[in-house]
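J.: Quick one, upload-v7.cif (mmCIF, C-alpha atoms):
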```
data_upload
#
loop_
_atom_site.group_PDB
_atom_site.id
_atom_site.type_symbol
_atom_site.label_atom_id
_atom_site.label_comp_id
_atom_site.auth_asym_id
_atom_site.auth_seq_id
_atom_site.Cartn_x
_atom_site.Cartn_y
_atom_site.Cartn_z
ATOM 1 C CA MET A 113 7.061 -6.172 -18.268
ATOM 2 C CA SER A 114 10.560 -4.988 -17.350
ATOM 3 C CA ARG A 115 11.394 -3.177 -14.150
ATOM 4 C CA SER A 116 12.167 -0.042 -16.137
ATOM 5 C CA SER A 117 8.732 0.046 -17.754
ATOM 6 C CA THR A 118 6.999 3.387 -17.455
ATOM 7 C CA LEU A 119 3.340 3.475 -16.535
ATOM 8 C CA ILE A 120 1.235 6.376 -17.792
ATOM 9 C CA LEU A 121 -1.450 7.598 -15.435
ATOM 10 C CA ILE A 122 -4.517 8.713 -17.396
ATOM 11 C CA SER A 123 -6.982 11.009 -15.687
ATOM 12 C CA MET A 124 -10.492 9.610 -15.783
ATOM 13 C CA THR A 125 -13.848 11.281 -15.345
ATOM 14 C CA LYS A 126 -15.187 9.893 -12.087
ATOM 15 C CA SER A 127 -18.728 8.549 -11.926
ATOM 16 C CA SER A 128 -20.980 8.812 -8.920
ATOM 17 C CA ARG A 129 -22.089 5.826 -6.860
ATOM 18 C CA ASN A 130 -25.509 6.192 -8.475
ATOM 19 C CA SER A 131 -24.027 5.448 -11.902
ATOM 20 C CA ASN A 132 -25.328 2.523 -13.923
ATOM 21 C CA ASN A 133 -21.767 1.257 -14.426
ATOM 22 C CA PRO A 134 -21.640 -2.152 -12.707
ATOM 23 C CA ILE A 135 -18.806 -2.739 -10.254
ATOM 24 C CA SER A 136 -16.800 -5.823 -11.170
ATOM 25 C CA LEU A 137 -13.620 -5.151 -9.167
ATOM 26 C CA LEU A 138 -13.155 -3.982 -5.558
ATOM 27 C CA LEU A 139 -9.752 -2.587 -4.544
ATOM 28 C CA LEU A 140 -9.146 -2.344 -0.801
ATOM 29 C CA ASP A 141 -6.412 -0.676 1.199
ATOM 30 C CA LEU A 142 -5.639 -2.642 4.365
ATOM 31 C CA ASP A 143 -4.242 -0.657 7.315
ATOM 32 C CA GLY A 144 -6.671 1.995 8.519
ATOM 33 C CA THR A 145 -9.285 0.854 6.018
ATOM 34 C CA LEU A 146 -10.180 -2.837 5.943
ATOM 35 C CA LEU A 147 -8.209 -3.825 9.050
ATOM 36 C CA ASN A 148 -9.373 -2.736 12.492
ATOM 37 C CA GLY A 149 -7.236 -1.767 15.480
ATOM 38 C CA GLU A 150 -6.557 -5.441 16.193
ATOM 39 C CA LEU A 151 -5.199 -5.849 12.653
ATOM 40 C CA SER A 152 -8.053 -8.133 11.667
ATOM 41 C CA ILE A 153 -11.036 -8.005 9.302
ATOM 42 C CA GLY A 154 -14.425 -7.636 10.981
ATOM 43 C CA LYS A 155 -16.495 -10.828 10.900
ATOM 44 C CA ARG A 156 -19.453 -9.337 9.014
ATOM 45 C CA THR A 157 -17.159 -7.621 6.528
ATOM 46 C CA SER A 158 -15.226 -10.836 5.939
ATOM 47 C CA GLU A 159 -18.444 -12.739 5.249
ATOM 48 C CA ALA A 160 -19.635 -10.040 2.841
ATOM 49 C CA LEU A 161 -16.343 -10.019 0.932
ATOM 50 C CA CYS A 162 -16.386 -13.805 0.623
ATOM 51 C CA SER A 163 -19.841 -13.640 -0.949
ATOM 52 C CA LEU A 164 -18.993 -10.982 -3.549
ATOM 53 C CA SER A 165 -17.493 -13.436 -6.036
ATOM 54 C CA ARG A 166 -20.912 -15.077 -6.383
ATOM 55 C CA LYS A 167 -22.158 -11.694 -7.595
ATOM 56 C CA GLY A 168 -19.359 -11.389 -10.135
ATOM 57 C CA VAL A 169 -17.260 -8.924 -8.129
ATOM 58 C CA ASN A 170 -13.528 -9.600 -7.852
ATOM 59 C CA VAL A 171 -11.745 -8.432 -4.672
ATOM 60 C CA THR A 172 -8.073 -7.660 -4.111
ATOM 61 C CA PHE A 173 -5.762 -5.483 -2.008
ATOM 62 C CA VAL A 174 -3.718 -2.351 -2.707
ATOM 63 C CA THR A 175 -1.380 -1.957 0.255
ATOM 64 C CA GLY A 176 1.927 -0.670 1.549
ATOM 65 C CA ARG A 177 2.635 -4.040 3.152
ATOM 66 C CA MET A 178 4.861 -6.759 1.773
ATOM 67 C CA LEU A 179 3.016 -9.487 -0.097
ATOM 68 C CA PRO A 180 3.767 -12.258 2.462
ATOM 69 C CA ALA A 181 2.370 -9.995 5.210
ATOM 70 C CA VAL A 182 -0.925 -9.889 3.275
ATOM 71 C CA LYS A 183 -1.289 -13.619 2.595
ATOM 72 C CA ARG A 184 -3.408 -14.520 5.632
ATOM 73 C CA TYR A 185 -5.920 -11.783 4.845
ATOM 74 C CA ALA A 186 -6.061 -12.837 1.194
ATOM 75 C CA ASP A 187 -6.681 -16.441 2.173
ATOM 76 C CA SER A 188 -9.409 -15.493 4.650
ATOM 77 C CA ILE A 189 -11.563 -13.834 1.980
ATOM 78 C CA LYS A 190 -10.395 -16.016 -0.927
ATOM 79 C CA VAL A 191 -8.476 -13.404 -2.926
ATOM 80 C CA THR A 192 -7.028 -14.956 -6.082
ATOM 81 C CA SER A 193 -6.243 -11.894 -8.242
ATOM 82 C CA PRO A 194 -2.865 -10.149 -8.181
ATOM 83 C CA ILE A 195 -2.256 -7.993 -5.106
ATOM 84 C CA ILE A 196 -0.595 -4.583 -5.276
ATOM 85 C CA ALA A 197 2.024 -4.457 -2.508
ATOM 86 C CA LEU A 198 4.678 -1.984 -1.330
ATOM 87 C CA ASN A 199 2.563 0.996 -2.406
ATOM 88 C CA GLY A 200 2.790 0.009 -6.051
ATOM 89 C CA ALA A 201 6.356 -1.262 -6.351
ATOM 90 C CA TYR A 202 5.376 -4.944 -6.478
ATOM 91 C CA ILE A 203 2.376 -6.798 -7.944
ATOM 92 C CA ALA A 204 1.907 -10.559 -7.735
ATOM 93 C CA ASP A 205 -0.688 -13.230 -7.053
ATOM 94 C CA PRO A 206 -1.153 -14.125 -3.349
ATOM 95 C CA ASP A 207 1.301 -17.048 -3.616
ATOM 96 C CA ALA A 208 3.826 -15.051 -5.696
ATOM 97 C CA LYS A 209 3.802 -17.723 -8.395
ATOM 98 C CA TYR A 210 3.340 -15.002 -10.988
ATOM 99 C CA VAL A 211 4.901 -11.573 -10.557
ATOM 100 C CA LEU A 212 3.215 -8.952 -12.713
ATOM 101 C CA PHE A 213 5.404 -5.994 -11.697
ATOM 102 C CA ASP A 214 8.665 -5.758 -9.764
ATOM 103 C CA LYS A 215 10.173 -2.273 -9.667
ATOM 104 C CA ARG A 216 13.471 -1.705 -7.823
ATOM 105 C CA ILE A 217 15.550 1.186 -6.538
ATOM 106 C CA PRO A 218 18.856 1.005 -8.454
ATOM 107 C CA LYS A 219 21.588 -0.454 -6.256
ATOM 108 C CA PRO A 220 23.899 2.605 -6.537
ATOM 109 C CA VAL A 221 21.020 4.839 -5.420
ATOM 110 C CA SER A 222 20.062 2.602 -2.503
ATOM 111 C CA ASN A 223 23.658 2.465 -1.293
ATOM 112 C CA GLU A 224 23.925 6.240 -1.598
ATOM 113 C CA ILE A 225 20.802 6.481 0.566
ATOM 114 C CA LEU A 226 22.417 4.316 3.252
ATOM 115 C CA LEU A 227 25.554 6.454 3.117
ATOM 116 C CA ARG A 228 23.639 9.728 3.461
ATOM 117 C CA LEU A 229 21.656 8.422 6.442
ATOM 118 C CA GLN A 230 24.693 7.260 8.365
ATOM 119 C CA ASN A 231 24.882 8.390 12.013
ATOM 120 C CA LEU A 232 21.147 9.055 12.251
ATOM 121 C CA SER A 233 19.195 7.128 14.890
ATOM 122 C CA LEU A 234 17.035 5.249 12.410
ATOM 123 C CA ALA A 235 15.971 1.621 12.200
ATOM 124 C CA ALA A 236 16.662 0.426 8.656
ATOM 125 C CA ASN A 237 14.496 -1.974 6.656
ATOM 126 C CA THR A 238 15.161 -3.034 3.077
ATOM 127 C CA ILE A 239 12.577 -5.056 1.159
ATOM 128 C CA PHE A 240 13.356 -7.393 -1.741
ATOM 129 C CA GLY A 241 10.113 -8.804 -3.100
ATOM 130 C CA GLU A 242 9.272 -11.628 -0.690
ATOM 131 C CA ARG A 243 11.949 -11.029 1.963
ATOM 132 C CA ALA A 244 13.361 -8.210 4.066
ATOM 133 C CA ILE A 245 16.468 -7.265 6.032
ATOM 134 C CA SER A 246 16.148 -5.124 9.177
ATOM 135 C CA SER A 247 18.638 -3.600 11.591
ATOM 136 C CA ASN A 248 18.913 -1.258 14.576
ATOM 137 C CA LEU A 249 15.343 -1.850 15.739
ATOM 138 C CA ASP A 250 14.173 -0.915 19.198
ATOM 139 C CA GLU A 251 11.197 -2.720 20.726
ATOM 140 C CA LEU A 252 8.536 -0.414 19.278
ATOM 141 C CA SER A 253 10.115 -0.326 15.812
ATOM 142 C CA LYS A 254 10.332 -4.110 15.771
ATOM 143 C CA LYS A 255 6.656 -4.354 16.686
ATOM 144 C CA ALA A 256 5.787 -2.045 13.802
ATOM 145 C CA VAL A 257 7.975 -3.930 11.345
ATOM 146 C CA GLU A 258 6.694 -7.371 12.259
ATOM 147 C CA SER A 259 3.100 -6.352 11.534
ATOM 148 C CA TRP A 260 3.981 -4.898 8.117
ATOM 149 C CA LEU A 261 6.875 -6.983 6.794
ATOM 150 C CA ALA A 262 7.516 -10.738 6.631
ATOM 151 C CA ASN A 263 10.384 -13.170 6.078
ATOM 152 C CA ILE A 264 12.651 -10.751 7.929
ATOM 153 C CA GLN A 265 16.357 -11.297 8.524
ATOM 154 C CA PHE A 266 17.460 -9.253 11.537
ATOM 155 C CA ILE A 267 21.090 -8.100 11.483
ATOM 156 C CA ASP A 268 23.154 -5.633 13.501
ATOM 157 C CA ARG A 269 23.856 -3.149 10.736
ATOM 158 C CA ILE A 270 23.100 -2.501 7.061
ATOM 159 C CA ASP A 271 26.075 -0.759 5.426
ATOM 160 C CA THR A 272 25.755 -1.699 1.751
ATOM 161 C CA LEU A 273 23.352 -3.698 -0.393
ATOM 162 C CA SER A 274 24.312 -6.303 -2.977
ATOM 163 C CA GLU A 275 20.820 -6.315 -4.492
ATOM 164 C CA SER A 276 18.436 -3.561 -5.575
ATOM 165 C CA PRO A 277 15.463 -3.241 -3.164
ATOM 166 C CA ASN A 278 11.802 -2.570 -3.937
ATOM 167 C CA MET A 279 11.561 -0.316 -0.900
ATOM 168 C CA MET A 280 13.608 1.095 1.952
ATOM 169 C CA LEU A 281 11.816 1.990 5.176
ATOM 170 C CA PHE A 282 13.493 3.874 8.011
ATOM 171 C CA ILE A 283 11.885 4.342 11.419
ATOM 172 C CA GLY A 284 12.823 6.871 14.087
ATOM 173 C CA ASP A 285 11.794 10.000 15.915
ATOM 174 C CA GLU A 286 10.423 13.004 14.070
ATOM 175 C CA ASN A 287 13.678 14.992 14.096
ATOM 176 C CA SER A 288 15.774 12.101 12.763
ATOM 177 C CA VAL A 289 13.297 11.344 9.988
ATOM 178 C CA LYS A 290 13.057 14.991 8.920
ATOM 179 C CA GLU A 291 16.843 15.309 8.932
ATOM 180 C CA GLY A 292 16.941 12.173 6.776
ATOM 181 C CA CYS A 293 14.581 13.812 4.284
ATOM 182 C CA THR A 294 16.867 16.836 4.087
ATOM 183 C CA ARG A 295 19.921 14.670 3.429
ATOM 184 C CA LEU A 296 18.112 12.726 0.700
ATOM 185 C CA LYS A 297 16.671 15.739 -1.121
ATOM 186 C CA PRO A 298 19.367 15.632 -3.869
ATOM 187 C CA LEU A 299 18.144 12.106 -4.752
ATOM 188 C CA GLU A 300 14.483 13.036 -5.303
ATOM 189 C CA SER A 301 14.769 12.589 -9.072
ATOM 190 C CA GLU A 302 16.049 9.029 -8.606
ATOM 191 C CA ALA A 303 13.728 7.761 -5.870
ATOM 192 C CA PHE A 304 10.348 8.582 -4.340
ATOM 193 C CA ILE A 305 10.993 9.880 -0.795
ATOM 194 C CA TYR A 306 8.131 10.310 1.650
ATOM 195 C CA SER A 307 7.916 10.839 5.419
ATOM 196 C CA TYR A 308 4.920 10.568 7.747
ATOM 197 C CA ALA A 309 4.015 10.046 11.384
ATOM 198 C CA SER A 310 2.986 6.586 12.526
ATOM 199 C CA ILE A 311 -0.667 6.407 13.547
ATOM 200 C CA ARG A 312 -0.423 3.087 15.367
ATOM 201 C CA TYR A 313 3.110 3.234 16.817
ATOM 202 C CA LYS A 314 3.387 6.771 18.178
ATOM 203 C CA PRO A 315 5.691 8.684 18.486
ATOM 204 C CA LYS A 316 7.531 6.897 15.654
ATOM 205 C CA TRP A 317 7.924 8.443 12.214
ATOM 206 C CA TYR A 318 8.539 6.656 8.900
ATOM 207 C CA LEU A 319 10.831 7.566 6.029
ATOM 208 C CA GLU A 320 9.670 5.529 3.025
ATOM 209 C CA ILE A 321 11.724 5.299 -0.152
ATOM 210 C CA ARG A 322 10.417 3.648 -3.328
ATOM 211 C CA PRO A 323 11.484 3.492 -6.977
ATOM 212 C CA ALA A 324 10.896 6.775 -8.779
ATOM 213 C CA GLY A 325 7.532 6.915 -10.507
ATOM 214 C CA THR A 326 5.767 4.269 -8.440
ATOM 215 C CA SER A 327 2.380 4.838 -6.811
ATOM 216 C CA LYS A 328 -0.805 2.961 -6.025
ATOM 217 C CA GLY A 329 -2.504 4.728 -8.918
ATOM 218 C CA LYS A 330 0.030 3.666 -11.530
ATOM 219 C CA ALA A 331 0.013 0.111 -10.214
ATOM 220 C CA VAL A 332 -3.796 0.038 -10.367
ATOM 221 C CA LYS A 333 -3.696 1.137 -13.991
ATOM 222 C CA LEU A 334 -1.370 -1.760 -14.794
ATOM 223 C CA LEU A 335 -3.568 -4.200 -12.869
ATOM 224 C CA LEU A 336 -6.715 -3.072 -14.697
ATOM 225 C CA GLU A 337 -4.988 -3.558 -18.035
ATOM 226 C CA TYR A 338 -3.924 -7.051 -16.970
ATOM 227 C CA LEU A 339 -7.426 -7.980 -15.752
ATOM 228 C CA GLU A 340 -9.059 -6.227 -18.738
ATOM 229 C CA VAL A 341 -11.315 -4.210 -16.446
ATOM 230 C CA LEU A 342 -12.397 -0.645 -17.228
ATOM 231 C CA PRO A 343 -11.857 2.026 -14.530
ATOM 232 C CA GLU A 344 -15.593 2.827 -14.514
ATOM 233 C CA ASN A 345 -16.267 -0.714 -13.281
ATOM 234 C CA VAL A 346 -13.948 -0.424 -10.273
ATOM 235 C CA LEU A 347 -14.589 0.659 -6.679
ATOM 236 C CA SER A 348 -11.518 1.600 -4.627
ATOM 237 C CA VAL A 349 -11.522 2.208 -0.872
ATOM 238 C CA GLY A 350 -8.765 3.841 1.202
ATOM 239 C CA ASP A 351 -7.972 6.144 4.084
ATOM 240 C CA PHE A 352 -4.606 7.889 3.635
ATOM 241 C CA LEU A 353 -2.766 10.226 1.254
ATOM 242 C CA ASN A 354 -0.981 7.403 -0.569
ATOM 243 C CA ASP A 355 -4.421 6.088 -1.589
ATOM 244 C CA ILE A 356 -5.431 9.248 -3.468
ATOM 245 C CA PRO A 357 -3.818 8.307 -6.840
ATOM 246 C CA MET A 358 -5.800 5.053 -6.754
ATOM 247 C CA LEU A 359 -9.032 6.724 -5.638
ATOM 248 C CA LYS A 360 -8.831 9.319 -8.418
ATOM 249 C CA LEU A 361 -8.238 6.691 -11.077
ATOM 250 C CA THR A 362 -11.218 4.410 -10.459
ATOM 251 C CA GLY A 363 -14.774 5.141 -11.522
ATOM 252 C CA HIS A 364 -16.108 4.703 -7.975
ATOM 253 C CA SER A 365 -14.251 5.606 -4.784
ATOM 254 C CA ALA A 366 -14.901 5.686 -1.050
ATOM 255 C CA CYS A 367 -13.214 6.045 2.311
ATOM 256 C CA VAL A 368 -13.870 5.183 5.937
ATOM 257 C CA ALA A 369 -14.749 7.812 8.548
ATOM 258 C CA ASN A 370 -11.213 7.906 9.998
ATOM 259 C CA ALA A 371 -9.695 8.852 6.620
ATOM 260 C CA HIS A 372 -7.405 11.839 6.141
ATOM 261 C CA PRO A 373 -9.355 15.041 5.315
ATOM 262 C CA GLU A 374 -7.777 15.245 1.841
ATOM 263 C CA VAL A 375 -8.912 11.697 1.119
ATOM 264 C CA LYS A 376 -12.477 12.576 2.098
ATOM 265 C CA MET A 377 -12.383 15.413 -0.432
ATOM 266 C CA ALA A 378 -11.164 13.077 -3.197
ATOM 267 C CA VAL A 379 -13.823 10.350 -3.027
ATOM 268 C CA ASP A 380 -17.442 9.861 -4.064
ATOM 269 C CA CYS A 381 -18.562 8.361 -0.778
ATOM 270 C CA VAL A 382 -17.457 8.819 2.852
ATOM 271 C CA SER A 383 -18.705 6.225 5.320
ATOM 272 C CA HIS A 384 -19.964 7.445 8.688
ATOM 273 C CA LEU A 385 -18.195 4.407 10.194
ATOM 274 C CA SER A 386 -14.461 3.988 10.868
ATOM 275 C CA ASN A 387 -12.221 1.004 10.184
ATOM 276 C CA ASN A 388 -12.893 -0.111 13.768
ATOM 277 C CA GLN A 389 -16.640 -0.065 13.051
ATOM 278 C CA GLU A 390 -16.483 -2.085 9.804
ATOM 279 C CA GLY A 391 -16.728 1.000 7.617
ATOM 280 C CA VAL A 392 -15.926 -1.072 4.525
ATOM 281 C CA LEU A 393 -19.107 -3.072 5.077
ATOM 282 C CA ASP A 394 -21.082 0.187 5.237
ATOM 283 C CA ILE A 395 -19.484 1.244 1.938
ATOM 284 C CA LEU A 396 -20.415 -2.058 0.309
ATOM 285 C CA LYS A 397 -24.007 -1.481 1.389
ATOM 286 C CA GLN A 398 -24.019 2.073 0.020
ATOM 287 C CA PHE A 399 -22.868 0.818 -3.379
ATOM 288 C CA GLY A 400 -25.444 -1.984 -3.363
ATOM 289 C CA LEU A 401 -22.875 -4.773 -3.273
ATOM 290 C CA VAL A 402 -24.334 -6.457 -0.182
#
```
How would this structure read if it were set down as structure tokens?

T.:
Amino acid sequence: MSRSSTLILISMTKSSRNSNNPISLLLLDLDGTLLNGELSIGKRTSEALCSLSRKGVNVTFVTGRMLPAVKRYADSIKVTSPIIALNGAYIADPDAKYVLFDKRIPKPVSNEILLRLQNLSLAANTIFGERAISSNLDELSKKAVESWLANIQFIDRIDTLSESPNMMLFIGDENSVKEGCTRLKPLESEAFIYSYASIRYKPKWYLEIRPAGTSKGKAVKLLLEYLEVLPENVLSVGDFLNDIPMLKLTGHSACVANAHPEVKMAVDCVSHLSNNQEGVLDILKQFGLV
């Protein structure tokens, strides 16, 4: 499929967790959902996920992280199916031997973004599939980046790009990020522009820019077509607003107790346990998977 391919999101009638539709695919968000505050998977949850394949349930991730930053988690629970990375802009198997989807921000647009954000106090990160380039990072921004990105080249300044990126991520204080959003508003038809406060690395804010039309939901639709799995046979689990397109698409959906209020309203099942309490394991129990 070409980078310019358009994915059509079809609204599906959601089924309850008491439905007779068997779950054959489990889609998991990572940060704030499967991963705890130490950025690891709880021991009991890891054991349960490893055992699901014996019951005919496939497991994979739908995450904002780069694919190489997901590899160790995939290996730990034996994920072999394609992983949705960069919030839907990139889909590949855990070893990136086969890339199912690789959507980029056009180079003229990405360079216009850099130009418009000049003179703002923002750390800049540009992601190209399996590698990234970062500049102007303070200690806290670097800590955030190194947990989310991988194969990073650190340089003093990013002025122009010679290659189209899958994602651009800027990190700074709230005022700088909001000013960046204002400057980029004329480009909203050419790129998806989204800002949000960091939960883990306060008081940092993020300005995330992806190819226009990308989302976790649209990437999930493509993945299901590739795997030949029906939405009614899929359980998705998340915690934040970017997970909602995925959660609305699948036949079964759930979230952990620490999820955003809007996410809790969008799902079939809300665990009473947070990501730090192995809420995903509780969800698996509620759906009869363990």

J.: Quick one: which residues end up in the PyMOL selection byres ((chain A and resi 222) around 9) for this structure, as a PyMOL selection string?

T.: chain A and resi 217-221+223-227+272-273+276-277+280+303

J.: Ranking A:Asn237, A:Ser310, A:Ser327, A:Ser253 by minimum distance to Arg269 of chain A and counting all atoms listed in the file, which one comes first?

T.: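 For Arg269 of chain A, the nearest of the given residues is A:Asn237.
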
J.: Report the distance between atom CA of Asp394 of chain A and atom CA of Tyr308 of chain A in Å, rounded to one decimal place.

T.: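 Atom-to-atom, atom CA of Asp394 of chain A and atom CA of Tyr308 of chain A are spaced 28.1 Å apart.
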
J.: Find the spatial neighbours of segment 351-363 of chain A, counting all atoms listed in the file, within a cut-off of 10 Å - ignore same-chain residues fewer than 6 positions away - and output them as a ChimeraX atom specification.

T.: /A:121-129,131,133,135,137-146,174-176,199-200,306,327-333,336,342-345,369-380,382,386-387

J.: Give me a file of those residues, with C-alpha atoms, as a tab-separated table (two decimals), in the frame of the given file.

T.:
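What ended up in out08.tsv:
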```
chain	number	residue	atom	x	y	z
A	121	LEU	CA	-1.45	7.60	-15.44
A	122	ILE	CA	-4.52	8.71	-17.40
A	123	SER	CA	-6.98	11.01	-15.69
A	124	MET	CA	-10.49	9.61	-15.78
A	125	THR	CA	-13.85	11.28	-15.34
A	126	LYS	CA	-15.19	9.89	-12.09
A	127	SER	CA	-18.73	8.55	-11.93
A	128	SER	CA	-20.98	8.81	-8.92
A	129	ARG	CA	-22.09	5.83	-6.86
A	131	SER	CA	-24.03	5.45	-11.90
A	133	ASN	CA	-21.77	1.26	-14.43
A	135	ILE	CA	-18.81	-2.74	-10.25
A	137	LEU	CA	-13.62	-5.15	-9.17
A	138	LEU	CA	-13.16	-3.98	-5.56
A	139	LEU	CA	-9.75	-2.59	-4.54
A	140	LEU	CA	-9.15	-2.34	-0.80
A	141	ASP	CA	-6.41	-0.68	1.20
A	142	LEU	CA	-5.64	-2.64	4.36
A	143	ASP	CA	-4.24	-0.66	7.32
A	144	GLY	CA	-6.67	2.00	8.52
A	145	THR	CA	-9.28	0.85	6.02
A	146	LEU	CA	-10.18	-2.84	5.94
A	174	VAL	CA	-3.72	-2.35	-2.71
A	175	THR	CA	-1.38	-1.96	0.26
A	176	GLY	CA	1.93	-0.67	1.55
A	199	ASN	CA	2.56	1.00	-2.41
A	200	GLY	CA	2.79	0.01	-6.05
A	306	TYR	CA	8.13	10.31	1.65
A	327	SER	CA	2.38	4.84	-6.81
A	328	LYS	CA	-0.80	2.96	-6.02
A	329	GLY	CA	-2.50	4.73	-8.92
A	330	LYS	CA	0.03	3.67	-11.53
A	331	ALA	CA	0.01	0.11	-10.21
A	332	VAL	CA	-3.80	0.04	-10.37
A	333	LYS	CA	-3.70	1.14	-13.99
A	336	LEU	CA	-6.72	-3.07	-14.70
A	342	LEU	CA	-12.40	-0.64	-17.23
A	343	PRO	CA	-11.86	2.03	-14.53
A	344	GLU	CA	-15.59	2.83	-14.51
A	345	ASN	CA	-16.27	-0.71	-13.28
A	369	ALA	CA	-14.75	7.81	8.55
A	370	ASN	CA	-11.21	7.91	10.00
A	371	ALA	CA	-9.70	8.85	6.62
A	372	HIS	CA	-7.40	11.84	6.14
A	373	PRO	CA	-9.36	15.04	5.32
A	374	GLU	CA	-7.78	15.24	1.84
A	375	VAL	CA	-8.91	11.70	1.12
A	376	LYS	CA	-12.48	12.58	2.10
A	377	MET	CA	-12.38	15.41	-0.43
A	378	ALA	CA	-11.16	13.08	-3.20
A	379	VAL	CA	-13.82	10.35	-3.03
A	380	ASP	CA	-17.44	9.86	-4.06
A	382	VAL	CA	-17.46	8.82	2.85
A	386	SER	CA	-14.46	3.99	10.87
A	387	ASN	CA	-12.22	1.00	10.18
```

J.: Given all atoms listed in the file as the basis, pick out the residue of A:Val169, A:Leu212, A:Leu161, A:Ala181 nearest to Asn263 of chain A.

T.: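 Selected residue with least distance to Asn263 of chain A: A:Ala181.
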
J.: Pick from A:Glu242, A:Glu340, A:Asp268, A:Asp285: nearest to Arg177 of chain A, with all atoms listed in the file counted?

T.: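 Counting all atoms listed in the file, the residue closest to Arg177 of chain A is A:Glu242.
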
J.: Here is a test: counting all atoms listed in the file, which residue of A:Leu234, A:Ile321, A:Leu299, A:Ile270 is nearest to Asn287 of chain A?

T.: A:Leu234

J.: Please provide as a PyMOL selection string all residues within 7 Å of Leu385 of chain A, with the sequence filter that same-chain residues fewer than 4 positions apart are discarded (counting all atoms listed in the file).

T.: chain A and resi 368-369+389-391

J.: Near Ser193 of chain A, counting all atoms listed in the file, which residues have an atom at most 8 Å away, once you skip same-chain residues fewer than 5 positions from it, shown as a list in words?

T.: Asn170, Val171, Thr172, Asp205 and Pro206 of chain A

J.: Quick one, how far is atom CA of Ser307 of chain A from atom CA of Glu320 of chain A?

T.: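 According to the coordinates, atom CA of Ser307 of chain A and atom CA of Glu320 of chain A are separated by 6.1 Å.
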
J.: Identify, on the basis of all atoms listed in the file, every residue whose closest approach to Ser246 of chain A does not exceed 10 Å; exclude the query and any residue fewer than 6 positions from it along the same chain; express the result as a list of chain:residue names.

T.: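 Residues meeting the cut-off are A:Ala235, A:Ala236, A:Asn237, A:Thr238, A:Ile239, A:Lys254, A:Val257, A:Leu261, A:Ile264, A:Gln265, A:Phe266, A:Ile267, A:Asp268, A:Arg269, A:Ile270, A:Met280, A:Leu281, A:Phe282.
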
J.: So that I have them on file, write out the residues from the current selection with C-alpha atoms, as a PDB file, in the frame of the given file.

T.:
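What follows is the written file again_33.pdb:
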```
ATOM      1  CA  ALA A 235      15.971   1.621  12.200  1.00  0.00           C
ATOM      2  CA  ALA A 236      16.662   0.426   8.656  1.00  0.00           C
ATOM      3  CA  ASN A 237      14.496  -1.974   6.656  1.00  0.00           C
ATOM      4  CA  THR A 238      15.161  -3.034   3.077  1.00  0.00           C
ATOM      5  CA  ILE A 239      12.577  -5.056   1.159  1.00  0.00           C
ATOM      6  CA  LYS A 254      10.332  -4.110  15.771  1.00  0.00           C
ATOM      7  CA  VAL A 257       7.975  -3.930  11.345  1.00  0.00           C
ATOM      8  CA  LEU A 261       6.875  -6.983   6.794  1.00  0.00           C
ATOM      9  CA  ILE A 264      12.651 -10.751   7.929  1.00  0.00           C
ATOM     10  CA  GLN A 265      16.357 -11.297   8.524  1.00  0.00           C
ATOM     11  CA  PHE A 266      17.460  -9.253  11.537  1.00  0.00           C
ATOM     12  CA  ILE A 267      21.090  -8.100  11.483  1.00  0.00           C
ATOM     13  CA  ASP A 268      23.154  -5.633  13.501  1.00  0.00           C
ATOM     14  CA  ARG A 269      23.856  -3.149  10.736  1.00  0.00           C
ATOM     15  CA  ILE A 270      23.100  -2.501   7.061  1.00  0.00           C
ATOM     16  CA  MET A 280      13.608   1.095   1.952  1.00  0.00           C
ATOM     17  CA  LEU A 281      11.816   1.990   5.176  1.00  0.00           C
ATOM     18  CA  PHE A 282      13.493   3.874   8.011  1.00  0.00           C
TER      19      PHE A 282
END
```

J.: Just so the selection is clear, what residues does the PyMOL selection byres ((chain A and resi 204) around 12) cover here, as a ChimeraX atom specification?

T.: /A:172-174,178-180,182-183,191-198,200-203,205-215,241-242,331,334-335,338

J.: Mind giving me the straight-line distance from atom CA of Leu319 of chain A to atom CA of Lys297 of chain A in Å, one decimal?

T.: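 Atom CA of Lys297 of chain A lies 12.3 Å from atom CA of Leu319 of chain A.
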